[in-house]
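*Asks:* Next up is a structure, given as structure tokens.
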Number of protein chains: 2
Amino acid sequence: MRKLSLIGIGAGNPEHITVQAIRALNAVDVFFIMDKGDTKQTLLHIRREICERYIEGKNYRIVQVEDAFRDPDVADYAARVELWHEQRSMTYERIILDELKEDQVGAFLVWGDPSLYDSTLRILDRVLARGALQFDIEMIPGITSMQALAAQHHIALNGIGESVLITTGRKLSSTAMRNMDAAIVMLDGKCAFQQLRDQDWEIFWGAYIGMDQEILLSGKLSDMADEIESVRSEARRKNHWIMDTYLLRRSNSSS
Amino acid sequence: MRKLSLIGIGAGNPEHITVQAIRALNAVDVFFIMDKGDTKQTLLHIRREICERYIEGKNYRIVQVEDAFRDPDVADYAARVELWHEQRSMTYERIILDELKEDQVGAFLVWGDPSLYDSTLRILDRVLARGALQFDIEMIPGITSMQALAAQHHIALNGIGESVLITTGRKLSSTAMRNMDAAIVMLDGKCAFQQLRDQDWEIFWGAYIGMDQEILLSGKLSDMADEIESVRSEARRKNHWIMDTYLLRRSNSSS
């Protein structure tokens with residue numbers, strides 16, 4: 001039976017990798033790496049570096065897979081994701097059949113953790129559901145950018161005994177935050193924090209966390225919103241890509 | 001200058017430890033380990049095991065610290081925690097002064113991740129705020145039980161593009177969940193999920209995740225609530241302690 005490992009590789013620092021992940025890496029015959037175009041060359045490079053650094057005396061192959069096209073003409077978010085997942089699952093089915101022998105182990109190196117805002121598991125579940133192909137799945141947890149963010153800022157993500165919302169830029173709004181003490185925001189390409197700048201929040205922002213280019217900014221949201229937006233846009237221009245995340249918490253909350 | 005490392009050691013599986021954490025462990029002179037009484041002997045044992053397994057050729061000491069008394073007569077939760085943090089911070093101040101030389105590195109091994117539902121950082125910040133003692137703080141992220149839970153159940157924590165609430169048993173309620181698609185619940189000693197059993201939720205529960213005694217249960221909450229409560233209480237009786245966590249997600253949500 002084929003096996004597919006979803007290995008969380010952490011949030012940028014190659015030393016975020018766990019002993020469990022290193023053990024899993026060393027059992028892999030074929031790494032499947034999505035090619036998302038020029039802007040993600042750095043992320044591709046980090047994945048190759050992790051293989052080179054942590055795999056000892058095992059032959060492995062890296063298969064680059066061209067990502068499915070996300071059709072921007074499909075206006076509805078859910079429909080667009082649905083279409084893209086379906087296309088990707090067909091691509092995965094084909095490459096697994098073509099590149100992985102029946103007794104081999106394939107792997108996907110997942111940024112952060114495979115359970116948070118990553119589609120690999122869902123797409124593999126779709127391949128299984130179609131029934132043309134059978135395989136075992138193994139998931140290896142990884143450090144997420146929210147944990148790395150907290151570590152670099154020396155902060156707790158939750159107030160004492162309080163809740164914290166994990167959300168996305170697309171979902172962030174005054175309504176969503178009405179009864180919240182804190183939120184960790186991922187995938188915010190549009191600086192959605194600007195919507196909350198008139199309220200009493202603190203922001204702890206980080207980009208390229210754990211990497212050489214790391215940038216950390218924090219302070220009252222009303223003071224920092226414009227600065228973060230401009231630093232973000234400048235860094236994105238310079239590096240051709242950006243990965244960032246932030247924590248919002250009420251200014252009056254227990255720290 | 002003294003340095004104190006807060007090292008996340010993961011959620012039970014000793015292989016959750018990261019390369020970054022191993023590097024940090026090997027720089028430590030003194031480990032401070034809280035002694036929480038008989039029921040936590042296993043957790044103490046795992047911490048010692050991690051030191052023995054991952055520290056090579058470095059002399060270190062382990063200092064066991066008696067935990068401050070949480071006075072159950074203080075009825076208000078916030079006041080009780082406040083008092084306990086204050087007492088603990090005085091204990092920490094004393095043991096750091098007594099046990100750690102000016103140029104040494106001390107460490108606290110934190111279950112899961114030091115930024116989520118752990119008080120060590122706050123207590124050290126309190127020691128610093130009192131001003132009798134100066135030190136640098138370093139935080140090393142660790143795998144949390146929520147990530148380990150998702151990995152063992154082979155599930156994503158969030159629906160596609162959706163939010164997920166991280167909360168505690170004490171905070172879980174129908175009101176808190178009214179507009180939520182999913183919640184990760186930690187620190188629930190009282191099976192607070194029972195309050196939601198008449199609604200349409202799925203539950204993914206795990207105890208001793210990543211350890212030999214691991215138990216995983218999942219299904220419709222209405223079907224599983226009583227079984228989980230009884231399995232939990234039996235396991236707690238047998239092992240003298242339990243650490244568990246669960247994900248609730250709406251039955252109709254994207255998986």
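Identifiers in this document derive from the order of the structure tokens: chains are assigned A, B, ..., residues are numbered from 1 separately in each chain, and ligands are numbered from 1 in order of occurrence.
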Please give the complete set of residues from region 58-221 of chain A that DSSP, run on the backbone, assigns to strand (DSSP E or B), formatted as a PyMOL selection string.

*Replies:* chain A and resi 61-66+105-110+112+135-140+164-168+182-186+201-207+215-220

*Asks:* May I have the residues within 8 Å of Leu187 (chain A) as number ranges by chain, using only C-alpha atoms and disregarding those fewer than 6 positions away in the same chain?

*Replies:* A: 168-170, 243-245

*Asks:* Up to 9 Å from chain A, what residues of chain B turn up? Count only C-alpha atoms and give them as a VMD selection string.

*Replies:* chain B and resid 13 to 21 23 77 to 78 81 113 to 119 121 to 122 137 to 144 147 to 148 150 to 168 170 to 171 176 179 183 255

*Asks:* Between A:Asp136, A:Asp67, A:Glu214, A:Glu102, which has the minimum distance to His85 (chain A) (counting only C-alpha atoms)?

*Replies:*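 Using only C-alpha atoms, the shortest distance to His85 (chain A) belongs to A:Asp67.
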
*Asks:* So, with only C-alpha atoms as the atoms that count, which of B:Phe32, B:Asn26, B:Arg250, B:Ala132 lies closest to Glu52 (chain B)?

*Replies:*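 Of B:Phe32, B:Asn26, B:Arg250, B:Ala132, the one nearest Glu52 (chain B) is B:Asn26, counting only C-alpha atoms.
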
*Asks:* Looking at A:Ala129, A:Val28, A:Met90, A:Leu247, which one is nearest to Ile203 (chain A), with distances taken over only C-alpha atoms?

*Replies:* A:Leu247

*Asks:* Mind listing the alpha helix (DSSP H) residues of region 94-255 of chain A, per DSSP on the backbone, as a ChimeraX atom specification?

*Replies:* /A:94-99,120-130,145-153,221-239

*Asks:* Which residues come within 12 Å of Val105 (chain A), counting only C-alpha atoms, excluding same-chain residues fewer than 4 positions away, as an mmCIF file with N, CA and C atoms, in the first residue's frame?

*Replies:*
data_model
loop_
_atom_site.group_PDB
_atom_site.id
_atom_site.type_symbol
_atom_site.label_atom_id
_atom_site.label_comp_id
_atom_site.auth_asym_id
_atom_site.auth_seq_id
_atom_site.Cartn_x
_atom_site.Cartn_y
_atom_site.Cartn_z
ATOM 1 N N MET A 1 0.845 -1.210 0.000
ATOM 2 C CA MET A 1 0.000 0.000 0.000
ATOM 3 C C MET A 1 0.869 1.245 0.000
ATOM 4 N N ARG A 2 0.553 2.190 -0.885
ATOM 5 C CA ARG A 2 1.261 3.473 -0.883
ATOM 6 C C ARG A 2 0.972 4.239 0.415
ATOM 7 N N LYS A 3 1.934 5.045 0.821
ATOM 8 C CA LYS A 3 1.709 5.920 1.974
ATOM 9 C C LYS A 3 2.056 7.346 1.585
ATOM 10 N N LEU A 4 1.239 8.297 2.057
ATOM 11 C CA LEU A 4 1.542 9.707 1.831
ATOM 12 C C LEU A 4 1.664 10.422 3.164
ATOM 13 N N SER A 5 2.810 11.055 3.376
ATOM 14 C CA SER A 5 3.056 11.808 4.606
ATOM 15 C C SER A 5 2.828 13.292 4.352
ATOM 16 N N LEU A 6 2.070 13.917 5.228
ATOM 17 C CA LEU A 6 1.939 15.379 5.216
ATOM 18 C C LEU A 6 2.795 15.882 6.360
ATOM 19 N N ALA A 24 10.238 11.049 9.722
ATOM 20 C CA ALA A 24 9.344 10.859 8.571
ATOM 21 C C ALA A 24 10.053 11.203 7.256
ATOM 22 N N LEU A 25 10.807 12.312 7.258
ATOM 23 C CA LEU A 25 11.546 12.720 6.045
ATOM 24 C C LEU A 25 12.447 11.596 5.538
ATOM 25 N N ASN A 26 13.064 10.899 6.514
ATOM 26 C CA ASN A 26 14.028 9.866 6.151
ATOM 27 C C ASN A 26 13.390 8.567 5.664
ATOM 28 N N ALA A 27 12.069 8.526 5.629
ATOM 29 C CA ALA A 27 11.379 7.344 5.098
ATOM 30 C C ALA A 27 10.776 7.621 3.722
ATOM 31 N N VAL A 28 10.985 8.834 3.213
ATOM 32 C CA VAL A 28 10.272 9.250 1.996
ATOM 33 C C VAL A 28 11.054 8.878 0.725
ATOM 34 N N ASP A 29 10.335 8.320 -0.244
ATOM 35 C CA ASP A 29 10.932 8.048 -1.551
ATOM 36 C C ASP A 29 10.756 9.225 -2.505
ATOM 37 N N VAL A 30 9.572 9.833 -2.482
ATOM 38 C CA VAL A 30 9.298 10.905 -3.442
ATOM 39 C C VAL A 30 8.641 12.102 -2.739
ATOM 40 N N PHE A 31 9.263 13.268 -2.867
ATOM 41 C CA PHE A 31 8.649 14.511 -2.374
ATOM 42 C C PHE A 31 7.909 15.192 -3.514
ATOM 43 N N PHE A 32 6.649 15.519 -3.248
ATOM 44 C CA PHE A 32 5.874 16.254 -4.232
ATOM 45 C C PHE A 32 5.862 17.725 -3.812
ATOM 46 N N ASN A 59 18.037 7.574 -0.590
ATOM 47 C CA ASN A 59 17.784 8.149 -1.913
ATOM 48 C C ASN A 59 16.352 8.630 -1.999
ATOM 49 N N TYR A 60 16.185 9.828 -2.458
ATOM 50 C CA TYR A 60 14.831 10.345 -2.644
ATOM 51 C C TYR A 60 14.781 11.167 -3.922
ATOM 52 N N ARG A 61 13.582 11.336 -4.440
ATOM 53 C CA ARG A 61 13.400 12.170 -5.619
ATOM 54 C C ARG A 61 12.478 13.326 -5.260
ATOM 55 N N ILE A 96 0.637 10.819 -8.352
ATOM 56 C CA ILE A 96 0.862 9.706 -7.419
ATOM 57 C C ILE A 96 0.917 8.399 -8.210
ATOM 58 N N GLU A 99 4.277 8.538 -10.359
ATOM 59 C CA GLU A 99 5.593 8.718 -9.753
ATOM 60 C C GLU A 99 5.857 7.851 -8.523
ATOM 61 N N LEU A 100 4.795 7.295 -7.944
ATOM 62 C CA LEU A 100 4.988 6.559 -6.684
ATOM 63 C C LEU A 100 4.617 5.090 -6.876
ATOM 64 N N LYS A 101 5.569 4.212 -6.613
ATOM 65 C CA LYS A 101 5.277 2.769 -6.727
ATOM 66 C C LYS A 101 4.404 2.315 -5.555
ATOM 67 N N PHE A 135 -4.346 4.732 -0.587
ATOM 68 C CA PHE A 135 -3.092 4.966 0.139
ATOM 69 C C PHE A 135 -3.393 5.286 1.596
ATOM 70 N N ASP A 136 -2.368 5.080 2.440
ATOM 71 C CA ASP A 136 -2.461 5.508 3.841
ATOM 72 C C ASP A 136 -1.992 6.952 3.953
ATOM 73 N N ILE A 137 -2.589 7.669 4.890
ATOM 74 C CA ILE A 137 -2.164 9.047 5.145
ATOM 75 C C ILE A 137 -1.532 9.130 6.532
ATOM 76 N N GLU A 138 -0.447 9.865 6.635
ATOM 77 C CA GLU A 138 0.200 10.142 7.924
ATOM 78 C C GLU A 138 0.349 11.655 8.032
#
